[in-house]
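> You'll find final-v6.cif just under this line, and it carries mmCIF, C-alpha atoms.
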data_start
loop_
_atom_site.group_PDB
_atom_site.id
_atom_site.type_symbol
_atom_site.label_atom_id
_atom_site.label_comp_id
_atom_site.auth_asym_id
_atom_site.auth_seq_id
_atom_site.Cartn_x
_atom_site.Cartn_y
_atom_site.Cartn_z
ATOM 1 C CA MET A 1 -24.230 -32.481 -33.371
ATOM 2 C CA SER A 2 -21.233 -30.179 -33.007
ATOM 3 C CA ASP A 3 -17.656 -31.316 -32.400
ATOM 4 C CA SER A 4 -17.757 -30.188 -28.794
ATOM 5 C CA ASP A 5 -20.934 -32.190 -28.157
ATOM 6 C CA ALA A 6 -19.263 -35.273 -29.598
ATOM 7 C CA LEU A 7 -16.191 -34.663 -27.459
ATOM 8 C CA ALA A 8 -18.377 -34.201 -24.381
ATOM 9 C CA ARG A 9 -20.258 -37.414 -25.081
ATOM 10 C CA SER A 10 -17.020 -39.368 -25.441
ATOM 11 C CA SER A 11 -15.856 -37.975 -22.056
ATOM 12 C CA LEU A 12 -18.944 -39.347 -20.274
ATOM 13 C CA GLN A 13 -18.250 -42.619 -18.468
ATOM 14 C CA HIS A 14 -20.991 -45.216 -18.811
ATOM 15 C CA HIS A 15 -21.745 -45.410 -15.081
ATOM 16 C CA PHE A 16 -22.877 -41.774 -14.912
ATOM 17 C CA ASP A 17 -26.226 -40.447 -16.116
ATOM 18 C CA SER A 18 -24.909 -37.078 -17.235
ATOM 19 C CA LEU A 19 -21.741 -35.014 -17.467
ATOM 20 C CA GLU A 20 -23.073 -32.871 -14.647
ATOM 21 C CA GLN A 21 -23.398 -35.868 -12.347
ATOM 22 C CA GLN A 22 -19.938 -37.063 -13.377
ATOM 23 C CA HIS A 23 -18.480 -33.633 -12.650
ATOM 24 C CA GLU A 24 -20.210 -33.439 -9.276
ATOM 25 C CA ALA A 25 -18.895 -36.887 -8.301
ATOM 26 C CA SER A 26 -15.303 -36.011 -9.282
ATOM 27 C CA SER A 27 -15.389 -32.727 -7.446
ATOM 28 C CA LEU A 28 -16.851 -34.344 -4.322
ATOM 29 C CA GLY A 29 -14.241 -37.100 -4.479
ATOM 30 C CA MET A 30 -11.486 -34.490 -4.621
ATOM 31 C CA TRP A 31 -12.946 -32.733 -1.593
ATOM 32 C CA VAL A 32 -13.025 -35.990 0.372
ATOM 33 C CA PHE A 33 -9.360 -36.470 -0.524
ATOM 34 C CA LEU A 34 -8.582 -32.907 0.572
ATOM 35 C CA VAL A 35 -10.276 -33.588 3.928
ATOM 36 C CA THR A 36 -7.875 -36.517 4.430
ATOM 37 C CA GLU A 37 -5.095 -34.051 3.600
ATOM 38 C CA VAL A 38 -6.423 -31.682 6.251
ATOM 39 C CA MET A 39 -6.146 -34.568 8.746
ATOM 40 C CA PHE A 40 -2.663 -35.405 7.445
ATOM 41 C CA PHE A 41 -1.288 -31.883 7.872
ATOM 42 C CA GLY A 42 -3.475 -31.412 10.970
ATOM 43 C CA GLY A 43 -1.406 -33.980 12.856
ATOM 44 C CA ILE A 44 1.810 -32.010 12.353
ATOM 45 C CA PHE A 45 0.039 -28.733 13.089
ATOM 46 C CA THR A 46 -1.126 -30.262 16.380
ATOM 47 C CA ALA A 47 2.451 -31.336 17.167
ATOM 48 C CA TYR A 48 3.547 -27.759 16.471
ATOM 49 C CA VAL A 49 0.857 -26.372 18.778
ATOM 50 C CA VAL A 50 1.815 -28.727 21.617
ATOM 51 C CA TYR A 51 5.570 -28.056 21.428
ATOM 52 C CA ARG A 52 5.102 -24.329 21.006
ATOM 53 C CA THR A 53 2.875 -24.377 24.116
ATOM 54 C CA PHE A 54 5.688 -26.156 25.996
ATOM 55 C CA TYR A 55 8.570 -23.999 24.712
ATOM 56 C CA PRO A 56 7.216 -20.603 23.593
ATOM 57 C CA ALA A 57 10.497 -18.712 24.113
ATOM 58 C CA ALA A 58 12.686 -21.250 22.273
ATOM 59 C CA PHE A 59 10.207 -21.365 19.367
ATOM 60 C CA ALA A 60 10.206 -17.559 19.114
ATOM 61 C CA ASP A 61 14.045 -17.486 19.168
ATOM 62 C CA ALA A 62 14.294 -20.224 16.546
ATOM 63 C CA SER A 63 11.709 -18.513 14.319
ATOM 64 C CA ARG A 64 13.936 -15.437 14.086
ATOM 65 C CA HIS A 65 16.524 -17.557 12.258
ATOM 66 C CA LEU A 66 14.143 -17.943 9.317
ATOM 67 C CA ASP A 67 14.397 -15.374 6.520
ATOM 68 C CA ILE A 68 11.180 -13.353 6.776
ATOM 69 C CA THR A 69 11.757 -11.647 3.398
ATOM 70 C CA LEU A 70 12.102 -14.929 1.525
ATOM 71 C CA GLY A 71 9.091 -16.307 3.434
ATOM 72 C CA ALA A 72 6.913 -13.306 2.554
ATOM 73 C CA VAL A 73 8.056 -13.322 -1.092
ATOM 74 C CA ASN A 74 7.232 -17.028 -1.314
ATOM 75 C CA THR A 75 3.777 -16.360 0.154
ATOM 76 C CA ALA A 76 3.208 -13.767 -2.573
ATOM 77 C CA VAL A 77 4.510 -16.185 -5.231
ATOM 78 C CA LEU A 78 2.033 -18.844 -4.100
ATOM 79 C CA ILE A 79 -0.883 -16.391 -4.046
ATOM 80 C CA CYS A 80 0.040 -15.356 -7.609
ATOM 81 C CA SER A 81 0.100 -19.033 -8.588
ATOM 82 C CA SER A 82 -3.365 -19.519 -7.094
ATOM 83 C CA LEU A 83 -4.614 -16.594 -9.198
ATOM 84 C CA THR A 84 -3.095 -18.036 -12.390
ATOM 85 C CA MET A 85 -4.552 -21.472 -11.502
ATOM 86 C CA ALA A 86 -8.014 -19.934 -11.022
ATOM 87 C CA LEU A 87 -7.627 -18.139 -14.381
ATOM 88 C CA ALA A 88 -6.576 -21.430 -16.028
ATOM 89 C CA VAL A 89 -9.765 -23.074 -14.730
ATOM 90 C CA HIS A 90 -11.715 -20.063 -16.013
ATOM 91 C CA GLY A 91 -10.047 -20.478 -19.413
ATOM 92 C CA SER A 92 -11.063 -24.139 -19.543
ATOM 93 C CA GLN A 93 -14.651 -23.291 -18.548
ATOM 94 C CA VAL A 94 -15.122 -20.723 -21.307
ATOM 95 C CA GLY A 95 -13.210 -22.763 -23.889
ATOM 96 C CA ASN A 96 -10.228 -20.421 -24.211
ATOM 97 C CA ARG A 97 -7.493 -22.965 -24.838
ATOM 98 C CA LYS A 98 -4.714 -20.375 -25.159
ATOM 99 C CA ALA A 99 -5.582 -18.939 -21.735
ATOM 100 C CA LEU A 100 -5.826 -22.423 -20.249
ATOM 101 C CA ILE A 101 -2.385 -23.483 -21.510
ATOM 102 C CA GLY A 102 -0.754 -20.112 -20.801
ATOM 103 C CA PHE A 103 -2.013 -19.864 -17.237
ATOM 104 C CA LEU A 104 -1.194 -23.517 -16.494
ATOM 105 C CA ILE A 105 2.393 -22.915 -17.630
ATOM 106 C CA LEU A 106 2.554 -19.720 -15.545
ATOM 107 C CA THR A 107 1.294 -21.648 -12.520
ATOM 108 C CA VAL A 108 3.982 -24.301 -13.019
ATOM 109 C CA LEU A 109 6.672 -21.591 -13.344
ATOM 110 C CA LEU A 110 5.480 -19.873 -10.151
ATOM 111 C CA GLY A 111 5.495 -23.246 -8.382
ATOM 112 C CA LEU A 112 9.090 -23.809 -9.514
ATOM 113 C CA THR A 113 9.992 -20.291 -8.317
ATOM 114 C CA PHE A 114 8.590 -21.165 -4.895
ATOM 115 C CA LEU A 115 10.657 -24.355 -4.750
ATOM 116 C CA GLY A 116 13.788 -22.480 -5.895
ATOM 117 C CA ILE A 117 13.435 -19.937 -3.087
ATOM 118 C CA LYS A 118 12.756 -22.779 -0.640
ATOM 119 C CA ALA A 119 15.966 -24.493 -1.793
ATOM 120 C CA VAL A 120 17.946 -21.301 -1.103
ATOM 121 C CA GLU A 121 16.472 -21.204 2.403
ATOM 122 C CA TYR A 122 17.216 -24.872 3.051
ATOM 123 C CA ALA A 123 20.833 -24.419 1.869
ATOM 124 C CA GLU A 124 21.241 -21.535 4.291
ATOM 125 C CA LYS A 125 19.959 -23.708 7.166
ATOM 126 C CA PHE A 126 22.554 -26.370 6.325
ATOM 127 C CA GLU A 127 25.315 -23.724 6.286
ATOM 128 C CA HIS A 128 24.269 -22.432 9.703
ATOM 129 C CA HIS A 129 24.007 -25.933 11.240
ATOM 130 C CA LEU A 130 20.301 -25.512 11.904
ATOM 131 C CA VAL A 131 19.284 -28.814 10.325
ATOM 132 C CA PRO A 132 18.337 -31.316 13.073
ATOM 133 C CA GLY A 133 20.804 -34.158 13.416
ATOM 134 C CA SER A 134 24.415 -34.714 14.394
ATOM 135 C CA ALA A 135 25.605 -31.499 12.704
ATOM 136 C CA PHE A 136 23.047 -29.346 14.533
ATOM 137 C CA SER A 137 24.576 -26.683 16.718
ATOM 138 C CA TYR A 138 22.985 -23.765 18.472
ATOM 139 C CA PRO A 139 24.429 -21.585 21.230
ATOM 140 C CA GLY A 140 22.566 -21.249 24.511
ATOM 141 C CA PRO A 141 20.612 -23.457 26.887
ATOM 142 C CA ASP A 142 17.607 -23.812 24.549
ATOM 143 C CA ALA A 143 19.493 -25.771 21.859
ATOM 144 C CA ARG A 144 17.386 -28.931 22.228
ATOM 145 C CA GLN A 145 14.101 -27.056 22.020
ATOM 146 C CA VAL A 146 15.343 -24.991 19.070
ATOM 147 C CA GLN A 147 16.265 -28.238 17.335
ATOM 148 C CA LEU A 148 12.696 -29.386 17.941
ATOM 149 C CA PHE A 149 11.421 -26.247 16.190
ATOM 150 C CA PHE A 150 13.603 -26.995 13.200
ATOM 151 C CA SER A 151 12.407 -30.619 13.144
ATOM 152 C CA VAL A 152 8.848 -29.330 12.919
ATOM 153 C CA TYR A 153 9.932 -26.685 10.374
ATOM 154 C CA PHE A 154 11.533 -29.214 8.038
ATOM 155 C CA ALA A 155 8.701 -31.728 8.453
ATOM 156 C CA MET A 156 6.043 -29.127 7.662
ATOM 157 C CA THR A 157 7.797 -27.259 4.850
ATOM 158 C CA GLY A 158 9.233 -30.505 3.447
ATOM 159 C CA LEU A 159 5.804 -32.140 3.193
ATOM 160 C CA HIS A 160 4.437 -28.918 1.749
ATOM 161 C CA ALA A 161 7.237 -28.842 -0.840
ATOM 162 C CA LEU A 162 6.511 -32.495 -1.708
ATOM 163 C CA HIS A 163 2.887 -31.498 -2.358
ATOM 164 C CA MET A 164 4.116 -28.657 -4.582
ATOM 165 C CA ILE A 165 6.308 -31.072 -6.579
ATOM 166 C CA ILE A 166 3.345 -33.437 -7.058
ATOM 167 C CA GLY A 167 1.150 -30.469 -8.032
ATOM 168 C CA ILE A 168 3.693 -29.295 -10.613
ATOM 169 C CA GLY A 169 3.752 -32.830 -12.050
ATOM 170 C CA VAL A 170 -0.052 -32.939 -12.260
ATOM 171 C CA LEU A 171 -0.240 -29.503 -13.905
ATOM 172 C CA SER A 172 2.465 -30.481 -16.431
ATOM 173 C CA VAL A 173 0.320 -33.439 -17.516
ATOM 174 C CA LEU A 174 -2.638 -31.044 -17.848
ATOM 175 C CA VAL A 175 -0.543 -28.765 -20.111
ATOM 176 C CA VAL A 176 0.214 -31.674 -22.456
ATOM 177 C CA LYS A 177 -3.411 -32.822 -22.509
ATOM 178 C CA ALA A 178 -4.674 -29.261 -23.008
ATOM 179 C CA CYS A 179 -2.325 -28.900 -25.990
ATOM 180 C CA ARG A 180 -3.906 -32.041 -27.448
ATOM 181 C CA GLY A 181 -7.325 -30.419 -27.084
ATOM 182 C CA VAL A 182 -8.717 -32.850 -24.519
ATOM 183 C CA TYR A 183 -10.543 -30.175 -22.509
ATOM 184 C CA SER A 184 -13.636 -28.229 -23.519
ATOM 185 C CA PRO A 185 -16.286 -26.158 -21.731
ATOM 186 C CA ALA A 186 -18.310 -29.397 -21.486
ATOM 187 C CA TYR A 187 -15.438 -31.480 -20.133
ATOM 188 C CA HIS A 188 -12.661 -29.921 -18.034
ATOM 189 C CA THR A 189 -13.105 -31.702 -14.713
ATOM 190 C CA PRO A 190 -9.397 -32.679 -14.383
ATOM 191 C CA VAL A 191 -8.405 -29.007 -14.650
ATOM 192 C CA GLU A 192 -10.904 -28.058 -11.965
ATOM 193 C CA VAL A 193 -10.034 -30.783 -9.432
ATOM 194 C CA SER A 194 -6.300 -30.194 -9.946
ATOM 195 C CA GLY A 195 -7.042 -26.547 -9.215
ATOM 196 C CA LEU A 196 -8.685 -27.577 -5.932
ATOM 197 C CA TYR A 197 -5.511 -29.456 -4.990
ATOM 198 C CA TRP A 198 -3.275 -26.507 -5.925
ATOM 199 C CA HIS A 199 -5.355 -24.037 -3.882
ATOM 200 C CA PHE A 200 -5.319 -26.422 -0.920
ATOM 201 C CA VAL A 201 -1.519 -26.496 -0.968
ATOM 202 C CA ASP A 202 -1.617 -22.682 -1.053
ATOM 203 C CA ILE A 203 -3.853 -22.672 2.041
ATOM 204 C CA VAL A 204 -1.396 -24.903 3.929
ATOM 205 C CA TRP A 205 1.330 -22.335 3.240
ATOM 206 C CA ILE A 206 -0.996 -19.501 4.314
ATOM 207 C CA PHE A 207 -0.878 -21.092 7.790
ATOM 208 C CA LEU A 208 2.783 -22.145 7.704
ATOM 209 C CA PHE A 209 4.017 -18.620 6.964
ATOM 210 C CA PRO A 210 2.734 -16.898 10.149
ATOM 211 C CA LEU A 211 3.248 -19.973 12.377
ATOM 212 C CA LEU A 212 6.875 -20.543 11.351
ATOM 213 C CA TYR A 213 8.207 -17.151 10.201
ATOM 214 C CA LEU A 214 6.268 -14.541 12.128
ATOM 215 C CA ILE A 215 6.408 -15.672 15.763
ATOM 216 C CA GLY A 216 8.796 -13.729 17.943
ATOM 217 C CA ARG A 217 9.535 -10.895 15.491
ATOM 218 C CA HIS A 218 8.374 -8.267 17.985
ATOM 219 C CA HIS A 219 10.986 -9.056 20.662
ATOM 220 C CA MET B 220 -22.181 -26.277 -18.367
ATOM 221 C CA ALA B 221 -20.273 -28.155 -15.670
ATOM 222 C CA GLY B 222 -19.405 -25.862 -12.801
ATOM 223 C CA HIS B 223 -20.180 -22.225 -12.128
ATOM 224 C CA VAL B 224 -18.128 -19.718 -14.150
ATOM 225 C CA VAL B 225 -16.845 -17.095 -11.722
ATOM 226 C CA PRO B 226 -16.196 -13.676 -13.314
ATOM 227 C CA LYS B 227 -12.473 -12.908 -13.611
ATOM 228 C CA LYS B 228 -13.019 -9.677 -11.690
ATOM 229 C CA VAL B 229 -13.858 -11.722 -8.573
ATOM 230 C CA TYR B 230 -10.528 -13.559 -8.887
ATOM 231 C CA PHE B 231 -8.589 -10.300 -9.205
ATOM 232 C CA ASN B 232 -10.368 -8.824 -6.172
ATOM 233 C CA VAL B 233 -9.635 -11.939 -4.106
ATOM 234 C CA PHE B 234 -6.003 -11.819 -5.251
ATOM 235 C CA GLY B 235 -5.708 -8.156 -4.195
ATOM 236 C CA LEU B 236 -7.232 -8.904 -0.805
ATOM 237 C CA LEU B 237 -4.853 -11.848 -0.236
ATOM 238 C CA MET B 238 -1.818 -9.708 -1.106
ATOM 239 C CA ILE B 239 -2.938 -6.908 1.220
ATOM 240 C CA LEU B 240 -3.558 -9.370 4.070
ATOM 241 C CA THR B 241 -0.094 -10.902 3.535
ATOM 242 C CA LEU B 242 1.476 -7.444 3.842
ATOM 243 C CA VAL B 243 -0.618 -6.632 6.924
ATOM 244 C CA THR B 244 0.197 -9.886 8.733
ATOM 245 C CA THR B 245 3.932 -9.415 8.029
ATOM 246 C CA LEU B 246 3.963 -5.818 9.311
ATOM 247 C CA VAL B 247 1.799 -6.552 12.370
ATOM 248 C CA ALA B 248 4.247 -9.294 13.391
ATOM 249 C CA PHE B 249 6.830 -6.587 14.185
ATOM 250 C CA ALA B 250 4.491 -4.783 16.608
ATOM 251 C CA ASP B 251 4.464 -6.037 20.183
ATOM 252 C CA LEU B 252 0.849 -6.904 20.953
ATOM 253 C CA GLY B 253 1.584 -9.552 23.585
ATOM 254 C CA PRO B 254 -0.566 -12.667 23.218
ATOM 255 C CA LEU B 255 -2.629 -10.801 20.616
ATOM 256 C CA ASN B 256 0.180 -11.289 18.049
ATOM 257 C CA THR B 257 -0.699 -14.952 17.616
ATOM 258 C CA ILE B 258 -4.440 -14.281 17.619
ATOM 259 C CA VAL B 259 -4.143 -11.552 14.947
ATOM 260 C CA ALA B 260 -1.824 -13.699 12.790
ATOM 261 C CA LEU B 261 -4.168 -16.697 12.970
ATOM 262 C CA THR B 262 -7.287 -14.600 12.367
ATOM 263 C CA ILE B 263 -5.720 -13.168 9.202
ATOM 264 C CA ALA B 264 -4.623 -16.658 8.094
ATOM 265 C CA VAL B 265 -8.120 -18.060 8.664
ATOM 266 C CA GLY B 266 -9.593 -15.111 6.744
ATOM 267 C CA LYS B 267 -7.238 -15.758 3.805
ATOM 268 C CA ALA B 268 -8.045 -19.477 3.853
ATOM 269 C CA ILE B 269 -11.804 -18.792 3.855
ATOM 270 C CA VAL B 270 -11.516 -16.431 0.867
ATOM 271 C CA VAL B 271 -9.421 -18.963 -1.088
ATOM 272 C CA THR B 272 -11.888 -21.754 -0.274
ATOM 273 C CA LEU B 273 -15.022 -19.769 -1.129
ATOM 274 C CA PHE B 274 -13.854 -18.154 -4.360
ATOM 275 C CA PHE B 275 -10.736 -19.821 -5.827
ATOM 276 C CA MET B 276 -12.085 -23.247 -4.849
ATOM 277 C CA HIS B 277 -15.670 -22.349 -5.827
ATOM 278 C CA VAL B 278 -17.218 -23.592 -2.566
ATOM 279 C CA ARG B 279 -19.431 -20.494 -2.527
ATOM 280 C CA TYR B 280 -21.036 -21.847 -5.706
ATOM 281 C CA SER B 281 -20.945 -25.536 -4.784
ATOM 282 C CA SER B 282 -23.604 -27.983 -3.632
ATOM 283 C CA ARG B 283 -24.687 -28.412 -0.022
ATOM 284 C CA LEU B 284 -22.981 -31.796 -0.059
ATOM 285 C CA THR B 285 -19.621 -30.098 -0.713
ATOM 286 C CA TRP B 286 -20.287 -27.685 2.151
ATOM 287 C CA ILE B 287 -20.957 -30.612 4.493
ATOM 288 C CA VAL B 288 -17.748 -32.412 3.470
ATOM 289 C CA VAL B 289 -15.632 -29.255 3.910
ATOM 290 C CA GLY B 290 -17.360 -28.443 7.198
ATOM 291 C CA ALA B 291 -16.891 -31.980 8.528
ATOM 292 C CA GLY B 292 -13.177 -31.834 7.730
ATOM 293 C CA LEU B 293 -12.719 -28.568 9.588
ATOM 294 C CA PHE B 294 -14.856 -29.808 12.492
ATOM 295 C CA TRP B 295 -12.630 -32.875 12.972
ATOM 296 C CA LEU B 296 -9.500 -30.726 12.751
ATOM 297 C CA ALA B 297 -10.967 -28.456 15.421
ATOM 298 C CA ILE B 298 -11.650 -31.477 17.658
ATOM 299 C CA MET B 299 -8.053 -32.630 17.303
ATOM 300 C CA ILE B 300 -6.487 -29.255 18.107
ATOM 301 C CA PHE B 301 -8.880 -27.921 20.746
ATOM 302 C CA LEU B 302 -9.318 -31.125 22.749
ATOM 303 C CA THR B 303 -5.531 -31.515 22.738
ATOM 304 C CA LEU B 304 -5.161 -27.963 24.004
ATOM 305 C CA THR B 305 -7.673 -28.499 26.819
ATOM 306 C CA ASP B 306 -5.006 -30.786 28.241
ATOM 307 C CA TYR B 307 -1.763 -28.900 27.511
ATOM 308 C CA LEU B 308 -3.055 -25.406 28.231
ATOM 309 C CA THR B 309 -4.559 -26.357 31.617
ATOM 310 C CA ARG B 310 -1.697 -28.388 33.108
ATOM 311 C CA GLY B 311 -0.412 -25.369 34.999
ATOM 312 C CA TRP B 312 -3.770 -24.744 36.689
ATOM 313 C CA ALA B 313 -3.397 -27.321 39.476
#
Could the structure of this file be written out as structure tokens, please?


Amino acid sequence: MSDSDALARSSLQHHFDSLEQQHEASSLGMWVFLVTEVMFFGGIFTAYVVYRTFYPAAFADASRHLDITLGAVNTAVLICSSLTMALAVHGSQVGNRKALIGFLILTVLLGLTFLGIKAVEYAEKFEHHLVPGSAFSYPGPDARQVQLFFSVYFAMTGLHALHMIIGIGVLSVLVVKACRGVYSPAYHTPVEVSGLYWHFVDIVWIFLFPLLYLIGRHH
Amino acid sequence: MAGHVVPKKVYFNVFGLLMILTLVTTLVAFADLGPLNTIVALTIAVGKAIVVTLFFMHVRYSSRLTWIVVGAGLFWLAIMIFLTLTDYLTRGWA
């Protein structure tokens, strides 16, 4: 019996017949969780759809106050991070520990880059009094509706950023465990399900970018 | 053993496609297509999401059970958004 077989056997919980069944159960469980996340974000997306249907012009005006360059760069950063996450999972599957650790760290760094850019954008919104609340000010008759857009903007991007922070935390734990040699081609389920979560958060942003940044650019 | 190993080349191709679609959706936003702007933007976003789900998230290589769970999630989301819109989009018809 090789070392990796022994490691695999010790990773098998007693209530599963095989590692394959255990892996399948974990992956399915993660997908069920992600479906609840779809519902969670879906509620705010529905709110966005309803208010944008009510106030299309105000939403288009408000959208032009977002920085399209920073938004597009952040989209690219997240897509890069999804690639590095996929390559980390690949590394864990083929037993390349250096690739696993390297790509996990890269993914964390890209996630931090995203949050840094987001922080710059948020700071700019505070400076321009576009944060909903008592300090909000916007010229023109549409001020209330524009404030509504920014409420939705901060709710959506804020929850997305919270998911990124949690994801970065999860991946950091994976880096430590990978360094200790916990994962092998036979057992790397945590890397894979964390990858599912990371890609899901990327998908949320794939929708947020056009819905928040790209409406009303053609006027 | 556990899970299907996707060739790295597939990941790089998907990455390239996602980057190109991001560029396209950003540029198209500056063209005035009327109501088509939103439709094009959402179609591209859905396309990107499908590619990420199928390849990065390995659904293409997953069990039928996974397909059903993913499909059910999207189906319920569709119910929420489309049934809501049947109200708000038709209020002006009376």

> Would you mind reading off the distance between CA of Phe231 (chain B) and CA of Leu162 (chain A), one decimal, in Å?

27.9 Å

> Let me know the residues the PyMOL selection byres ((chain B) within 6 of (chain A)) catches in the file above, as JSON, numbers by chain.

{"B": [220, 221, 248, 249, 250, 251, 264, 268, 275, 276, 292, 300]}

> Care to translate the PyMOL selection byres ((chain B and resi 238-245) around 7) into actual residues of this file, as a tab-separated table (two decimals) with C-alpha atoms, keeping the file's coordinate frame?


chain	number	residue	atom	x	y	z
A	76	ALA	CA	3.21	-13.77	-2.57
A	214	LEU	CA	6.27	-14.54	12.13
B	234	PHE	CA	-6.00	-11.82	-5.25
B	235	GLY	CA	-5.71	-8.16	-4.20
B	236	LEU	CA	-7.23	-8.90	-0.80
B	237	LEU	CA	-4.85	-11.85	-0.24
B	246	LEU	CA	3.96	-5.82	9.31
B	247	VAL	CA	1.80	-6.55	12.37
B	248	ALA	CA	4.25	-9.29	13.39
B	260	ALA	CA	-1.82	-13.70	12.79
B	263	ILE	CA	-5.72	-13.17	9.20

> Do you have the CA of His163 (chain A)-CA of Leu112 (chain A) distance handy?

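One can read the CA of His163 (chain A) to CA of Leu112 (chain A) distance as 12.2 Å.
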
> Can you work out the spacing between CA of Pro190 (chain A) and CA of Val224 (chain B) in Å, to one decimal?

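Interatomic distance here is 15.6 Å.
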
> Here's the selection I'm unsure about, the PyMOL selection byres ((chain A and resi 115) around 12); applied to the file above, which residues does it give, as a ChimeraX atom specification?

/A:70-71,73-75,77-78,108-114,116-122,157-158,160-168

> For the residues selected in the previous step, produce a file with C-alpha atoms as a CSV table (one decimal), in the coordinates of the input.


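As a result, selection.csv now contains:
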chain,number,residue,atom,x,y,z
A,70,LEU,CA,12.1,-14.9,1.5
A,71,GLY,CA,9.1,-16.3,3.4
A,73,VAL,CA,8.1,-13.3,-1.1
A,74,ASN,CA,7.2,-17.0,-1.3
A,75,THR,CA,3.8,-16.4,0.2
A,77,VAL,CA,4.5,-16.2,-5.2
A,78,LEU,CA,2.0,-18.8,-4.1
A,108,VAL,CA,4.0,-24.3,-13.0
A,109,LEU,CA,6.7,-21.6,-13.3
A,110,LEU,CA,5.5,-19.9,-10.2
A,111,GLY,CA,5.5,-23.2,-8.4
A,112,LEU,CA,9.1,-23.8,-9.5
A,113,THR,CA,10.0,-20.3,-8.3
A,114,PHE,CA,8.6,-21.2,-4.9
A,116,GLY,CA,13.8,-22.5,-5.9
A,117,ILE,CA,13.4,-19.9,-3.1
A,118,LYS,CA,12.8,-22.8,-0.6
A,119,ALA,CA,16.0,-24.5,-1.8
A,120,VAL,CA,17.9,-21.3,-1.1
A,121,GLU,CA,16.5,-21.2,2.4
A,122,TYR,CA,17.2,-24.9,3.1
A,157,THR,CA,7.8,-27.3,4.8
A,158,GLY,CA,9.2,-30.5,3.4
A,160,HIS,CA,4.4,-28.9,1.7
A,161,ALA,CA,7.2,-28.8,-0.8
A,162,LEU,CA,6.5,-32.5,-1.7
A,163,HIS,CA,2.9,-31.5,-2.4
A,164,MET,CA,4.1,-28.7,-4.6
A,165,ILE,CA,6.3,-31.1,-6.6
A,166,ILE,CA,3.3,-33.4,-7.1
A,167,GLY,CA,1.2,-30.5,-8.0
A,168,ILE,CA,3.7,-29.3,-10.6

> If we draw a sphere of 8 Å around (-21.4, -23.5, -8.5), which residues have at least one atom in it when counting all atoms listed in the file? Please report them as a PyMOL selection string.

chain B and resi 222-224+277-282
